[in-house]
>>> print(open('run_16.txt').read())   # compact mmCIF, C-alpha atoms (C1' of nucleotides)
# COMPACT_ATOMS: atom_id res chain seq x y z
CA MET A 201 -32.39 -26.06 84.08
CA LEU A 202 -29.90 -23.63 82.57
CA THR A 203 -30.28 -19.85 82.93
CA LEU A 204 -28.71 -17.62 80.29
CA ALA A 205 -28.65 -13.83 80.29
CA THR A 206 -27.44 -10.97 78.13
CA TRP A 207 -26.51 -7.55 79.50
CA ASN A 208 -24.97 -4.47 77.92
CA VAL A 209 -23.13 -3.16 80.98
CA ASN A 210 -21.76 0.10 79.51
CA SER A 211 -18.23 -0.34 80.94
CA VAL A 212 -17.35 -3.43 82.98
CA LYS A 213 -15.09 -1.31 85.18
CA ALA A 214 -17.77 1.24 86.08
CA ARG A 215 -20.32 -1.54 86.57
CA LEU A 216 -18.30 -4.20 88.40
CA PRO A 217 -20.07 -3.93 91.80
CA ALA A 218 -23.49 -3.89 90.11
CA ILE A 219 -22.62 -6.93 87.99
CA LEU A 220 -21.27 -8.91 90.96
CA ASP A 221 -24.38 -8.05 93.00
CA TRP A 222 -26.64 -9.24 90.22
CA LEU A 223 -24.70 -12.49 89.66
CA GLN A 224 -24.96 -13.19 93.38
CA SER A 225 -28.71 -12.60 93.55
CA PHE A 226 -29.88 -13.92 90.16
CA GLN A 227 -27.41 -16.82 89.84
CA PRO A 228 -27.36 -17.10 86.03
CA ASP A 229 -25.32 -19.97 84.59
CA VAL A 230 -24.15 -18.12 81.47
CA VAL A 231 -23.95 -14.35 80.94
CA LEU A 232 -23.25 -12.57 77.65
CA LEU A 233 -21.80 -9.10 78.21
CA GLN A 234 -21.53 -6.17 75.80
CA GLU A 235 -19.81 -2.78 75.89
CA ILE A 236 -17.17 -3.86 78.38
CA LYS A 237 -15.10 -0.92 77.05
CA CYS A 238 -11.69 -2.32 77.99
CA MET A 239 -8.86 -4.38 76.61
CA ASP A 240 -8.64 -8.09 77.45
CA ASN A 241 -5.90 -7.56 80.04
CA ALA A 242 -8.02 -5.00 81.94
CA PHE A 243 -11.07 -7.27 82.20
CA PRO A 244 -11.72 -8.11 85.90
CA ALA A 245 -11.52 -11.88 85.31
CA PHE A 246 -10.41 -12.64 88.90
CA ASP A 247 -13.57 -11.10 90.35
CA PHE A 248 -15.80 -13.20 88.10
CA GLU A 249 -13.76 -16.35 88.72
CA ALA A 250 -14.12 -15.76 92.45
CA ALA A 251 -17.89 -15.68 91.86
CA GLY A 252 -17.67 -19.10 90.18
CA TYR A 253 -17.49 -18.18 86.48
CA LYS A 254 -15.10 -19.06 83.70
CA VAL A 255 -14.43 -16.12 81.41
CA ALA A 256 -13.84 -15.49 77.70
CA VAL A 257 -13.18 -11.93 76.53
CA HIS A 258 -12.88 -10.01 73.27
CA GLY A 259 -12.16 -6.41 74.17
CA GLN A 260 -10.59 -3.27 72.79
CA LYS A 261 -9.62 0.12 74.14
CA THR A 262 -12.43 2.61 74.96
CA TYR A 263 -15.29 1.20 72.85
CA ASN A 264 -17.35 -1.94 72.30
CA GLY A 265 -16.00 -5.21 73.70
CA VAL A 266 -17.88 -8.45 74.47
CA ALA A 267 -17.42 -11.30 76.95
CA ILE A 268 -18.90 -14.59 78.11
CA LEU A 269 -19.18 -15.70 81.75
CA SER A 270 -20.04 -19.35 82.41
CA LYS A 271 -20.51 -21.54 85.46
CA VAL A 272 -20.59 -24.63 83.23
CA GLY A 273 -17.28 -24.30 81.43
CA ILE A 274 -16.14 -22.50 78.28
CA ASP A 275 -14.56 -24.27 75.31
CA GLU A 276 -13.79 -23.56 71.66
CA VAL A 277 -13.77 -19.79 72.00
CA SER A 278 -13.61 -17.80 68.79
CA ILE A 279 -13.65 -14.04 68.33
CA GLY A 280 -14.77 -11.76 65.54
CA LEU A 281 -17.65 -12.00 63.08
CA PRO A 282 -16.55 -13.61 59.79
CA GLY A 283 -16.85 -11.76 56.50
CA ASP A 284 -14.62 -8.67 56.81
CA GLU A 285 -10.96 -9.04 57.71
CA THR A 286 -10.59 -5.25 57.94
CA ASP A 287 -13.21 -4.85 60.72
CA GLU A 288 -11.32 -4.04 63.93
CA GLN A 289 -14.31 -3.43 66.21
CA ALA A 290 -14.67 -5.98 69.05
CA ARG A 291 -18.33 -6.92 68.69
CA TYR A 292 -18.55 -10.71 68.53
CA ILE A 293 -17.40 -13.72 70.56
CA GLN A 294 -18.69 -17.27 70.56
CA ALA A 295 -17.93 -20.42 72.54
CA ILE A 296 -19.28 -23.77 73.67
CA VAL A 297 -20.62 -23.91 77.23
CA GLY A 298 -21.85 -26.88 79.27
CA LYS A 299 -19.63 -29.34 77.44
CA ASP A 300 -19.09 -31.60 80.45
CA SER A 301 -22.48 -31.08 82.14
CA GLY A 302 -24.99 -32.59 79.74
CA LEU A 303 -25.91 -30.81 76.54
CA PRO A 304 -23.18 -28.64 75.01
CA ILE A 305 -24.58 -25.31 73.82
CA ARG A 306 -22.95 -22.81 71.52
CA VAL A 307 -23.44 -19.24 72.69
CA ALA A 308 -22.46 -15.94 71.14
CA ALA A 309 -22.29 -12.47 72.66
CA LEU A 310 -22.77 -9.79 70.03
CA TYR A 311 -22.89 -6.01 70.03
CA LEU A 312 -24.53 -4.91 66.81
CA PRO A 313 -23.53 -1.41 65.62
CA ASN A 314 -25.89 1.43 66.58
CA GLY A 315 -25.85 3.03 63.12
CA ASN A 316 -26.66 6.62 64.12
CA PRO A 317 -26.33 9.23 62.84
CA ILE A 318 -27.65 8.15 59.45
CA GLY A 319 -25.89 9.46 56.36
CA SER A 320 -23.39 12.19 57.04
CA PRO A 321 -21.98 12.11 54.25
CA PRO A 322 -24.22 9.43 52.76
CA HIS A 323 -21.76 7.33 50.77
CA GLU A 324 -18.66 7.78 52.89
CA PRO A 325 -17.09 4.32 53.47
CA HIS A 326 -17.23 4.63 57.28
CA GLU A 327 -20.74 5.97 57.43
CA LYS A 328 -22.30 4.42 60.52
CA PHE A 329 -25.61 3.23 59.08
CA THR A 330 -23.83 1.62 56.11
CA TYR A 331 -21.51 -0.17 58.55
CA LYS A 332 -24.49 -1.35 60.60
CA LEU A 333 -26.31 -2.81 57.59
CA ALA A 334 -23.15 -4.51 56.32
CA TRP A 335 -22.54 -5.96 59.79
CA MET A 336 -26.10 -7.29 59.84
CA ASP A 337 -25.54 -8.98 56.47
CA ARG A 338 -22.42 -10.64 57.87
CA LEU A 339 -24.33 -11.69 61.01
CA ASN A 340 -27.15 -13.20 58.96
CA ARG A 341 -24.70 -15.19 56.80
CA HIS A 342 -22.86 -16.45 59.88
CA ALA A 343 -26.10 -17.27 61.74
CA GLN A 344 -27.25 -19.37 58.78
CA SER A 345 -24.02 -21.36 58.93
CA LEU A 346 -24.51 -21.87 62.68
CA LEU A 347 -27.98 -23.33 62.07
CA SER A 348 -26.74 -25.64 59.36
CA ASP A 349 -24.38 -27.65 61.59
CA GLY A 350 -27.15 -28.49 64.05
CA ILE A 351 -25.35 -27.51 67.27
CA PRO A 352 -27.90 -25.99 69.70
CA THR A 353 -27.11 -22.26 69.77
CA VAL A 354 -28.11 -19.07 71.56
CA LEU A 355 -27.23 -15.80 69.81
CA GLY A 356 -27.48 -13.13 72.47
CA GLY A 357 -26.66 -9.48 72.75
CA ASP A 358 -27.44 -5.85 72.13
CA TYR A 359 -28.90 -5.94 68.60
CA ASN A 360 -29.60 -2.19 68.41
CA VAL A 361 -32.83 -3.12 66.63
CA ILE A 362 -36.39 -2.19 67.68
CA PRO A 363 -38.23 -5.06 65.97
CA THR A 364 -41.81 -3.69 66.09
CA PRO A 365 -43.73 -0.62 67.28
CA ASP A 366 -44.66 -2.65 70.39
CA ASP A 367 -40.99 -2.58 71.38
CA CYS A 368 -40.68 1.18 71.89
CA TYR A 369 -42.52 3.81 73.90
CA ASP A 370 -43.32 6.18 71.04
CA PRO A 371 -42.93 4.74 67.53
CA GLU A 372 -43.18 8.22 65.92
CA ARG A 373 -40.05 9.34 67.72
CA TRP A 374 -38.06 6.45 66.22
CA VAL A 375 -39.17 6.47 62.57
CA ASN A 376 -35.94 7.90 61.19
CA ASP A 377 -33.62 6.29 63.73
CA ALA A 378 -31.11 3.60 62.68
CA LEU A 379 -32.62 1.23 65.31
CA PHE A 380 -36.10 1.34 63.74
CA ARG A 381 -35.55 2.06 60.05
CA PRO A 382 -37.15 -0.44 57.63
CA GLU A 383 -33.74 -1.57 56.31
CA THR A 384 -32.71 -2.51 59.87
CA ARG A 385 -35.96 -4.23 60.80
CA ASN A 386 -36.06 -6.12 57.49
CA LYS A 387 -32.59 -7.58 58.09
CA PHE A 388 -33.50 -8.55 61.66
CA ASN A 389 -36.69 -10.20 60.39
CA ALA A 390 -34.64 -12.10 57.81
CA LEU A 391 -32.51 -13.41 60.68
CA LEU A 392 -35.57 -14.56 62.63
CA HIS A 393 -36.99 -16.18 59.50
CA GLN A 394 -33.92 -18.42 59.29
CA GLY A 395 -35.50 -20.19 62.27
CA TRP A 396 -34.34 -18.27 65.35
CA THR A 397 -36.74 -17.68 68.24
CA ASP A 398 -36.82 -14.39 70.19
CA THR A 399 -37.04 -16.17 73.55
CA PHE A 400 -38.49 -13.22 75.46
CA ARG A 401 -41.23 -12.66 72.88
CA ALA A 402 -42.04 -16.39 72.84
CA ARG A 403 -42.93 -16.19 76.53
CA ASP A 404 -44.28 -12.64 76.89
CA ALA A 405 -46.58 -11.11 74.27
CA ARG A 406 -47.11 -7.78 76.04
CA ALA A 407 -46.22 -4.51 74.34
CA GLY A 408 -44.06 -2.07 76.27
CA GLN A 409 -41.50 -4.46 77.73
CA TYR A 410 -38.11 -2.76 77.52
CA SER A 411 -34.42 -3.57 78.00
CA PHE A 412 -32.94 -0.06 77.54
CA TRP A 413 -33.81 3.36 78.92
CA ASP A 414 -31.74 6.41 77.98
CA TYR A 415 -29.89 8.18 80.78
CA GLN A 416 -31.32 11.48 79.53
CA ALA A 417 -34.62 13.24 80.05
CA GLY A 418 -35.85 11.00 82.85
CA ALA A 419 -36.43 8.13 80.43
CA TRP A 420 -36.29 5.49 83.19
CA GLN A 421 -38.70 7.34 85.49
CA LYS A 422 -41.18 7.80 82.60
CA ASN A 423 -40.64 4.24 81.32
CA ASN A 424 -39.58 5.67 77.96
CA GLY A 425 -37.71 2.53 76.94
CA ILE A 426 -36.99 0.30 73.99
CA ARG A 427 -36.47 -3.46 73.67
CA ILE A 428 -33.24 -4.04 71.77
CA ASP A 429 -31.48 -6.84 73.70
CA PHE A 430 -32.35 -10.40 72.70
CA LEU A 431 -31.51 -14.04 73.30
CA LEU A 432 -32.25 -15.84 70.02
CA ALA A 433 -32.51 -19.63 70.26
CA SER A 434 -31.98 -22.16 67.48
CA PRO A 435 -34.94 -24.52 66.86
CA SER A 436 -33.89 -27.43 69.07
CA LEU A 437 -33.28 -25.06 71.99
CA ALA A 438 -36.49 -23.12 71.40
CA ASP A 439 -38.26 -26.41 72.00
CA LYS A 440 -36.59 -26.54 75.42
CA LEU A 441 -37.44 -22.95 76.38
CA HIS A 442 -38.96 -22.91 79.86
CA THR A 443 -39.32 -19.23 80.78
CA ALA A 444 -37.89 -15.88 79.71
CA GLY A 445 -37.93 -12.39 81.07
CA ILE A 446 -36.35 -9.00 81.59
CA ASP A 447 -34.98 -8.17 85.04
CA SER A 448 -35.46 -4.42 85.24
CA GLU A 449 -34.26 -4.22 88.84
CA PRO A 450 -30.60 -3.37 88.07
CA ARG A 451 -31.71 -0.40 85.92
CA GLY A 452 -33.31 1.27 88.95
CA LYS A 453 -30.22 1.12 91.16
CA GLU A 454 -27.46 3.66 91.74
CA LYS A 455 -24.82 3.92 89.01
CA ALA A 456 -26.84 1.72 86.65
CA SER A 457 -26.11 0.75 83.07
CA ASP A 458 -28.65 2.14 80.60
CA HIS A 459 -29.47 -1.50 79.70
CA THR A 460 -30.86 -4.17 82.01
CA PRO A 461 -30.39 -7.98 81.88
CA VAL A 462 -32.56 -10.11 79.60
CA TRP A 463 -32.71 -13.80 80.51
CA CYS A 464 -34.12 -17.16 79.49
CA ARG A 465 -34.27 -20.54 81.19
CA LEU A 466 -33.84 -23.78 79.24
CA ARG A 467 -35.07 -27.19 80.29
CA LEU A 468 -32.17 -29.39 79.29
CA SER A 469 -33.30 -32.76 80.63
CA ASP A 470 -35.24 -35.20 78.34
C1' DA B 1135 -35.24 23.36 74.80
C1' DT B 1136 -32.83 20.71 77.99
C1' DG B 1137 -32.04 16.96 80.55
C1' DT B 1138 -26.66 11.59 81.10
C1' DC B 1139 -22.91 8.78 81.45
C1' DA B 1140 -18.20 6.72 80.44
C1' DG B 1141 -13.50 6.81 78.52
C1' DC B 1142 -9.73 9.40 76.58
C1' DC B 1143 -6.07 12.67 77.00
C1' DG B 1144 -3.74 14.83 80.36
C1' DG B 1145 -3.74 17.04 84.38
C1' DA B 1146 -9.25 20.67 83.12
C1' DG B 1147 -12.67 20.03 80.62
C1' DG B 1148 -13.78 19.30 75.85
C1' DC B 1149 -14.54 15.59 72.71
C1' DT B 1150 -16.61 11.09 71.15
C1' DG B 1151 -20.06 7.56 71.29
C1' DA B 1152 -24.28 5.99 72.78
>>> encode(input="run_16.txt", output="structure tokens")
Amino acid sequence: MLTLATWNVNSVKARLPAILDWLQSFQPDVVLLQEIKCMDNAFPAFDFEAAGYKVAVHGQKTYNGVAILSKVGIDEVSIGLPGDETDEQARYIQAIVGKDSGLPIRVAALYLPNGNPIGSPPHEPHEKFTYKLAWMDRLNRHAQSLLSDGIPTVLGGDYNVIPTPDDCYDPERWVNDALFRPETRNKFNALLHQGWTDTFRARDARAGQYSFWDYQAGAWQKNNGIRIDFLLASPSLADKLHTAGIDSEPRGKEKASDHTPVWCRLRLSD
DNA sequence: ATGTCAGCCGGAGGCTGA
């Protein structure tokens, strides 16, 4: 059995004790981190190595930043999402894990742009919603190429997409938000239709299961959340999906991230 | 209506992003 997780930690420095606690108690094999908010040389690699993980990092100053932690090795690391050489935001890293312990699996940690506020001014080249939609087009092209070479793959991260009204506490409140707009949901659906499986949804059909709760307005206490963090499995891995879930425990602790870990467990034998 | 948190610069607290 192999346990993978994705977690937007909202600063790896601010969250280090919380992350180490969770690794110790949950014992995931592979963790995909987003919003580490530091440069590569400031990533606390020693602490994760001491906990038994190999580390691959793609960071930048202040914003964004993604990383992979693995107990089963990391090989063939590559950073950046293809399709725009001018994009300097650190939002994508992929690697092969588990190379020398059975089935090698390609994993990616991605941090899809938020996209708010929408249109201010509407056709400005750095408008955030335009950047989000263009990034999603690049992701979909890249994801298609990942499927075509047949390597079992998990694409995990903070997608900043609310896929359906079941994935937010009050759909009316989100209708004009970049996370829920039809353009956003259509592109995410197009990704799924390539053949990716939302592993959580494949194992839990209930509405109102969330991975993010805003810090403001008592959102956590009222369970005013949204589900925007996903582990998408390619077809051969979806067939091996054992269980999946959201561990909301870290969100309730002191000095929590606004996101909580989403996990899935794969049956790799047979 | 407001409510939060983190990083940056710079040496306080205002700004940005989420």
>>> closest_residue(input="run_16.txt", among="A:Thr443, A:Ser411, A:Ser225, A:Thr364", to="Cys464 of chain A", atoms="only C-alpha atoms")
A:Thr443
>>> interface_residues(input="run_16.txt", of="chain B", to="chain A", cutoff="12 Å", atoms="all atoms listed in the file", output="list in words")
DA1135, DT1136, DG1137, DT1138, DC1139, DA1140, DG1141, DC1142, DT1150, DG1151 and DA1152 of chain B
>>> closest_residue(input="run_16.txt", among="A:His393, A:Gly280, A:Phe400, A:Ala433", to="Pro461 of chain A", atoms="only C-alpha atoms")
A:Phe400
>>> atom_distance(input="run_16.txt", atom1="atom CA of Phe412 of chain A", atom2="atom CA of Pro352 of chain A")
27.6 Å
>>> closest_residue(input="run_16.txt", among="A:Thr203, A:Thr384, A:Gln289, A:Gln344", to="Tyr359 of chain A", atoms="only C-alpha atoms")
A:Thr384
>>> atom_distance(input="run_16.txt", atom1="atom CA of Ala390 of chain A", atom2="atom CA of Arg373 of chain A")
24.2 Å
>>> closest_residue(input="run_16.txt", among="A:Glu372, A:Asp337, A:Asp358, A:Asp229", to="Thr460 of chain A", atoms="all atoms listed in the file")
A:Asp358
>>> atom_distance(input="run_16.txt", atom1="atom CA of Tyr369 of chain A", atom2="atom CA of Asn423 of chain A")
7.7 Å
>>> closest_residue(input="run_16.txt", among="A:Asp275, A:Asp398, A:Asp284, A:Glu324", to="His342 of chain A", atoms="all atoms listed in the file")
A:Asp284
>>> closest_residue(input="run_16.txt", among="A:Leu379, A:Ala218, A:Ala290, A:Leu202", to="Asp240 of chain A", atoms="all atoms listed in the file")
A:Ala290
>>> residues_around(input="run_16.txt", residues="Trp396 of chain A", least_positions_apart="4", cutoff="9 Å", atoms="all atoms listed in the file", output="VMD selection string")
chain A and resid 347 354 to 355 391 to 392 432 to 435 438
>>> write_last_selection(input="run_16.txt", atoms="C-alpha atoms", output="PDB file, keeping the file's coordinate frame")
ATOM      1  CA  LEU A 347     -27.980 -23.330  62.070  1.00  0.00           C
ATOM      2  CA  VAL A 354     -28.110 -19.070  71.560  1.00  0.00           C
ATOM      3  CA  LEU A 355     -27.230 -15.800  69.810  1.00  0.00           C
ATOM      4  CA  LEU A 391     -32.510 -13.410  60.680  1.00  0.00           C
ATOM      5  CA  LEU A 392     -35.570 -14.560  62.630  1.00  0.00           C
ATOM      6  CA  LEU A 432     -32.250 -15.840  70.020  1.00  0.00           C
ATOM      7  CA  ALA A 433     -32.510 -19.630  70.260  1.00  0.00           C
ATOM      8  CA  SER A 434     -31.980 -22.160  67.480  1.00  0.00           C
ATOM      9  CA  PRO A 435     -34.940 -24.520  66.860  1.00  0.00           C
ATOM     10  CA  ALA A 438     -36.490 -23.120  71.400  1.00  0.00           C
TER      11      ALA A 438
END
>>> build_atoms(input="run_16.txt", residues="segment 260-275 of chain A", atoms="N, CA and C atoms", output="short mmCIF file (atom, residue, chain, number, x, y, z; two decimals), in the coordinates of the input")
data_model
loop_
_atom_site.label_atom_id
_atom_site.label_comp_id
_atom_site.auth_asym_id
_atom_site.auth_seq_id
_atom_site.Cartn_x
_atom_site.Cartn_y
_atom_site.Cartn_z
N GLN A 260 -11.45 -4.25 73.45
CA GLN A 260 -10.59 -3.27 72.79
C GLN A 260 -10.61 -2.02 73.66
N LYS A 261 -9.69 -1.10 73.36
CA LYS A 261 -9.62 0.12 74.14
C LYS A 261 -10.87 0.99 73.92
N THR A 262 -11.41 1.54 74.99
CA THR A 262 -12.43 2.61 74.96
C THR A 262 -13.84 2.19 74.55
N TYR A 263 -13.97 1.45 73.43
CA TYR A 263 -15.29 1.20 72.85
C TYR A 263 -15.60 -0.29 72.77
N ASN A 264 -16.90 -0.58 72.66
CA ASN A 264 -17.35 -1.94 72.30
C ASN A 264 -16.84 -2.97 73.31
N GLY A 265 -16.52 -4.15 72.85
CA GLY A 265 -16.00 -5.21 73.70
C GLY A 265 -17.11 -6.11 74.21
N VAL A 266 -16.89 -7.44 74.08
CA VAL A 266 -17.88 -8.45 74.47
C VAL A 266 -17.20 -9.53 75.29
N ALA A 267 -17.99 -10.25 76.11
CA ALA A 267 -17.42 -11.30 76.95
C ALA A 267 -18.49 -12.33 77.28
N ILE A 268 -18.01 -13.51 77.67
CA ILE A 268 -18.90 -14.59 78.11
C ILE A 268 -18.46 -15.03 79.50
N LEU A 269 -19.42 -15.12 80.42
CA LEU A 269 -19.18 -15.70 81.75
C LEU A 269 -19.96 -17.01 81.82
N SER A 270 -19.33 -18.07 82.34
CA SER A 270 -20.04 -19.35 82.41
C SER A 270 -19.67 -20.14 83.64
N LYS A 271 -20.70 -20.64 84.32
CA LYS A 271 -20.51 -21.54 85.46
C LYS A 271 -20.37 -22.98 85.02
N VAL A 272 -20.59 -23.26 83.72
CA VAL A 272 -20.59 -24.63 83.23
C VAL A 272 -19.52 -24.86 82.17
N GLY A 273 -18.42 -24.11 82.31
CA GLY A 273 -17.28 -24.30 81.43
C GLY A 273 -17.37 -23.49 80.15
N ILE A 274 -16.21 -23.19 79.58
CA ILE A 274 -16.14 -22.50 78.28
C ILE A 274 -15.09 -23.20 77.43
N ASP A 275 -15.48 -23.63 76.25
CA ASP A 275 -14.56 -24.27 75.31
C ASP A 275 -14.71 -23.66 73.92
#
